[in-house]
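Student: Submitted below is the structure of interest, expressed as structure tokens.
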Amino acid sequence: MTVGRLAQVLRKVFFTAVALVSLILGGVVCLMCQLLAGRDAPVYRIEGHVTSHTRGALPVGGDEEAVSHTLAVDAGDRHYRVTAVDAGLDLPPGQPVTLDVSTADGSIAYLRAGGGVVDLRPGVIRPVLSIAASLLALGAVYFGAVRLNVYPPVATWLALALGALLAPVAVFVRV
């Protein structure tokens, strides 16, 4: 194999790798954006009552004394199960509660009992950091591809377009 042939093979392999990395990193960005959009989606309220309450040890962040609370809530024709590490979930069976259910994915955003409100939505730090890291990595891949002159910039932008067009597929294929 000659050096010229080896360079052609490496260019094709590198182009494919850039396209696949674009797809993966674009998929991560799409998934994290979907998670953030679902976090702040509109909610509807359901009234119900606590049917059971269990406590369990759940070491979180080195806190060996953290206790998780799992509530089963009967809301008429639907039954919900809520688990979180929050003292606001220490409710007795029979306690009337109001659940704010997300219209995006059916998850419980807030639990209201008495005068207290417990926020059960996922945090924003991890998705935002994942988006930032993915975009930085994507920029580094494209900068490296153009800087190394492995293939022309037009091919780089084609790989970016391919990744951007195929990335939303990952949103619908997730488990």
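Here, A, B, ... name the chains of the structure tokens in the order displayed, residue numbers run from 1 inside each chain, and ligands are numbered from 1 in the same displayed order.
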Can you tell me, as a PyMOL selection string, what residues are no more than 7 Å from region 91-104 of chain A when counting only C-alpha atoms, ignoring any on the same chain fewer than 5 positions away?
Tutor: chain A and resi 38+41-53+109-113
Student: For the selection you just gave me, I'd like the residues written to a file as a PDB file, in the first residue's frame, keeping N, CA and C atoms.
Tutor:
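Heads up, here's the output in out-v6.pdb:
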ATOM      1  N   GLY A  38     -39.033  19.469  28.726  1.00  0.00           N
ATOM      2  CA  GLY A  38     -40.005  18.700  29.500  1.00  0.00           C
ATOM      3  C   GLY A  38     -40.068  19.150  30.944  1.00  0.00           C
ATOM      4  N   ALA A  41     -42.464  22.158  31.098  1.00  0.00           N
ATOM      5  CA  ALA A  41     -43.689  22.012  30.308  1.00  0.00           C
ATOM      6  C   ALA A  41     -44.906  22.379  31.164  1.00  0.00           C
ATOM      7  N   PRO A  42     -46.008  22.714  30.534  1.00  0.00           N
ATOM      8  CA  PRO A  42     -47.238  22.996  31.286  1.00  0.00           C
ATOM      9  C   PRO A  42     -47.683  21.763  32.084  1.00  0.00           C
ATOM     10  N   VAL A  43     -48.409  22.009  33.136  1.00  0.00           N
ATOM     11  CA  VAL A  43     -48.883  20.927  34.003  1.00  0.00           C
ATOM     12  C   VAL A  43     -50.397  21.005  34.161  1.00  0.00           C
ATOM     13  N   TYR A  44     -50.961  19.875  34.559  1.00  0.00           N
ATOM     14  CA  TYR A  44     -52.372  19.869  34.946  1.00  0.00           C
ATOM     15  C   TYR A  44     -52.441  19.255  36.333  1.00  0.00           C
ATOM     16  N   ARG A  45     -53.474  19.626  37.075  1.00  0.00           N
ATOM     17  CA  ARG A  45     -53.580  19.197  38.481  1.00  0.00           C
ATOM     18  C   ARG A  45     -54.524  18.023  38.640  1.00  0.00           C
ATOM     19  N   ILE A  46     -54.097  17.130  39.521  1.00  0.00           N
ATOM     20  CA  ILE A  46     -54.902  15.966  39.893  1.00  0.00           C
ATOM     21  C   ILE A  46     -54.939  15.906  41.412  1.00  0.00           C
ATOM     22  N   GLU A  47     -56.114  15.727  41.945  1.00  0.00           N
ATOM     23  CA  GLU A  47     -56.246  15.594  43.392  1.00  0.00           C
ATOM     24  C   GLU A  47     -56.357  14.120  43.753  1.00  0.00           C
ATOM     25  N   GLY A  48     -55.768  13.765  44.868  1.00  0.00           N
ATOM     26  CA  GLY A  48     -55.806  12.389  45.333  1.00  0.00           C
ATOM     27  C   GLY A  48     -55.442  12.324  46.802  1.00  0.00           C
ATOM     28  N   HIS A  49     -55.103  11.129  47.259  1.00  0.00           N
ATOM     29  CA  HIS A  49     -54.688  10.960  48.650  1.00  0.00           C
ATOM     30  C   HIS A  49     -53.593   9.892  48.726  1.00  0.00           C
ATOM     31  N   VAL A  50     -52.782  10.001  49.747  1.00  0.00           N
ATOM     32  CA  VAL A  50     -51.672   9.069  49.955  1.00  0.00           C
ATOM     33  C   VAL A  50     -52.236   7.739  50.412  1.00  0.00           C
ATOM     34  N   THR A  51     -51.880   6.662  49.708  1.00  0.00           N
ATOM     35  CA  THR A  51     -52.350   5.325  50.111  1.00  0.00           C
ATOM     36  C   THR A  51     -51.295   4.564  50.898  1.00  0.00           C
ATOM     37  N   SER A  52     -50.008   4.832  50.637  1.00  0.00           N
ATOM     38  CA  SER A  52     -48.948   4.198  51.430  1.00  0.00           C
ATOM     39  C   SER A  52     -47.719   5.083  51.427  1.00  0.00           C
ATOM     40  N   HIS A  53     -46.916   4.902  52.457  1.00  0.00           N
ATOM     41  CA  HIS A  53     -45.691   5.687  52.610  1.00  0.00           C
ATOM     42  C   HIS A  53     -44.609   4.778  53.176  1.00  0.00           C
ATOM     43  N   ALA A 109     -44.447  16.967  38.474  1.00  0.00           N
ATOM     44  CA  ALA A 109     -43.588  18.135  38.631  1.00  0.00           C
ATOM     45  C   ALA A 109     -43.615  18.647  40.073  1.00  0.00           C
ATOM     46  N   TYR A 110     -44.801  18.728  40.653  1.00  0.00           N
ATOM     47  CA  TYR A 110     -44.954  19.232  42.012  1.00  0.00           C
ATOM     48  C   TYR A 110     -45.944  18.372  42.775  1.00  0.00           C
ATOM     49  N   LEU A 111     -45.712  18.266  44.067  1.00  0.00           N
ATOM     50  CA  LEU A 111     -46.658  17.619  44.968  1.00  0.00           C
ATOM     51  C   LEU A 111     -47.029  18.659  46.012  1.00  0.00           C
ATOM     52  N   ARG A 112     -48.324  18.893  46.176  1.00  0.00           N
ATOM     53  CA  ARG A 112     -48.815  19.876  47.141  1.00  0.00           C
ATOM     54  C   ARG A 112     -49.610  19.134  48.204  1.00  0.00           C
ATOM     55  N   ALA A 113     -49.233  19.386  49.444  1.00  0.00           N
ATOM     56  CA  ALA A 113     -49.940  18.781  50.572  1.00  0.00           C
ATOM     57  C   ALA A 113     -50.018  19.805  51.690  1.00  0.00           C
TER      58      ALA A 113
END
Student: Any idea what the distance is between CA of Ser68 (chain A) and CA of Leu89 (chain A)?
Tutor: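 Calculated distance between CA of Ser68 (chain A) and CA of Leu89 (chain A) is 8.8 Å.
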Student: Within region 31-142 of chain A, find each residue whose DSSP state, derived from the backbone, is strand (DSSP E or B), and express the selection as a count of residues only.
Tutor: 50
Student: Point out the residue among A:Met32, A:Val73, A:Asp90, A:Leu136 with the least atom-to-atom distance to Pro122 (chain A), counting only C-alpha atoms.
Tutor: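 Smallest distance to Pro122 (chain A) is found for A:Met32.
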Student: Could you check how far CA of His69 (chain A) sits from CA of Ala84 (chain A), in Å to one decimal?
Tutor: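 Taking CA of His69 (chain A) and CA of Ala84 (chain A), their separation equals 5.7 Å.
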Student: Which neighbours of Asp86 (chain A) fall inside 12 Å, counting only C-alpha atoms, when residues of the same chain fewer than 4 positions from it are skipped, and could you give them as a PyMOL selection string?
Tutor: chain A and resi 55-56+58+60+66-71+82+90-91+111+116-120
Student: Using only C-alpha atoms, which of the listed residues (A:Val21, A:Val85, A:Val29, A:Val13) sits closest to Ile131 (chain A)?
Tutor: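 Smallest separation from Ile131 (chain A) among the options: A:Val29.
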